[in-house]
Amino acid sequence: MALYSEKVMDHFRNPRNVGVIEDANGIGEVGNAKCGDIMKMYLKIEDDIIKDVKFETFGCGSAIASSSMATELIKGKPVADAMKLTNEAVAEALDGLPDYKMHCSVLAEEAIKNALDDYHKRCEEQQ
Ligand code: FES
């Protein structure tokens with residue numbers, strides 16, 4: 001059996017939603033100290049909906065595929081749904097990751113949660 005699923009390879013080779021959102025209202029950055037990989041998520045939220053999401057990932061293929069899939073899973077969804085995104089859901093949507101690569105999907109979950117925290121903080125500051 002191939003180490004990586006076709007979906008992982010597809011999202012690694014053709015990552016969706018790569019880039020920066022200049023007027024993002026939620027930004028999250030996380031890193032993994034062990035492997036040194038870094039992931040940054042940009043959210044544009046309007047009326048409680050994730051209107052746009054982009055990412056920059058300096059990391060392994062699984063981290064790039066996980067970021068790409070995670071953005072696809074939350075794009076156009078309500079904030080409440082994005083809050084519930086788990087790394088298991090990201091890995092499942094990729095048709096699985098090897099056990100020792102599951103931490104790459106954790107990075108995607110954490111980056112999105114950080115970006116949502118940042119969004120909520122900005123909302124509070126405006127009140
Ligand atoms: Fe660290 Fe993939 S090896 S995120």
# chains A, B, ... in the order shown; residues from 1 in each chain; ligands from 1
$ residues_near_ligand --ligand "ligand 1" --cutoff "9 Å" --atoms "only C-alpha atoms and all ligand atoms" --output "ChimeraX atom specification"
/A:31-39,58-64,66,100-108
$ closest_atom_pairs --of "stretch 32-68 of chain A" --to "stretch 9-22 of chain A" --cutoff "6 Å" --atoms "only C-alpha atoms" --output "JSON lines"
{"residue": "A:Tyr42", "atom": "CA", "partner": "A:Ile21", "partner_atom": "CA", "distance": 5.9}
{"residue": "A:Lys54", "atom": "CA", "partner": "A:Asn17", "partner_atom": "CA", "distance": 4.8}
{"residue": "A:Phe55", "atom": "CA", "partner": "A:Val18", "partner_atom": "CA", "distance": 5.1}
{"residue": "A:Glu56", "atom": "CA", "partner": "A:Gly19", "partner_atom": "CA", "distance": 5.8}
{"residue": "A:Gly61", "atom": "CA", "partner": "A:Phe12", "partner_atom": "CA", "distance": 5.6}
{"residue": "A:Ile64", "atom": "CA", "partner": "A:Phe12", "partner_atom": "CA", "distance": 5.7}
{"residue": "A:Ala65", "atom": "CA", "partner": "A:Phe12", "partner_atom": "CA", "distance": 4.6}
{"residue": "A:Ser68", "atom": "CA", "partner": "A:Arg16", "partner_atom": "CA", "distance": 5.1}
$ closest_residue --among "A:Ala24, A:Leu97, A:Ala82, A:Val53" --to "A:Glu110" --atoms "only C-alpha atoms"
A:Ala82
$ closest_residue --among "A:Ala93, A:Ala80, A:Val30, A:Leu73" --to "A:Lys7" --atoms "only C-alpha atoms"
A:Ala93
$ closest_residue --among "A:Ala111, A:Ala2, A:Leu43, A:Ile50" --to "A:Asp81" --atoms "only C-alpha atoms"
A:Ile50
$ residues_around --residues "A:Arg122" --least-positions-apart "4" --cutoff "8 Å" --atoms "only C-alpha atoms" --output "PyMOL selection string"
chain A and resi 25-26+118+126
$ select_by_dssp --residues "chain A" --states "helix (DSSP H, G or I)" --output "PyMOL selection string"
chain A and resi 6-13+61-74+79-83+87-93+99-126
$ atom_distance --atom1 "atom CA of A:Ala70" --atom2 "atom CA of A:Asp52"
12.4 Å
$ closest_residue --among "A:Asp23, A:Lys77, A:Asp95, A:Lys40" --to "A:Glu6" --atoms "only C-alpha atoms"
A:Asp95
$ atom_distance --atom1 "atom CA of A:Lys113" --atom2 "atom CA of A:Glu46"
17.0 Å
$ atom_distance --atom1 "atom CA of A:Tyr119" --atom2 "atom CA of A:Asp48"
10.4 Å
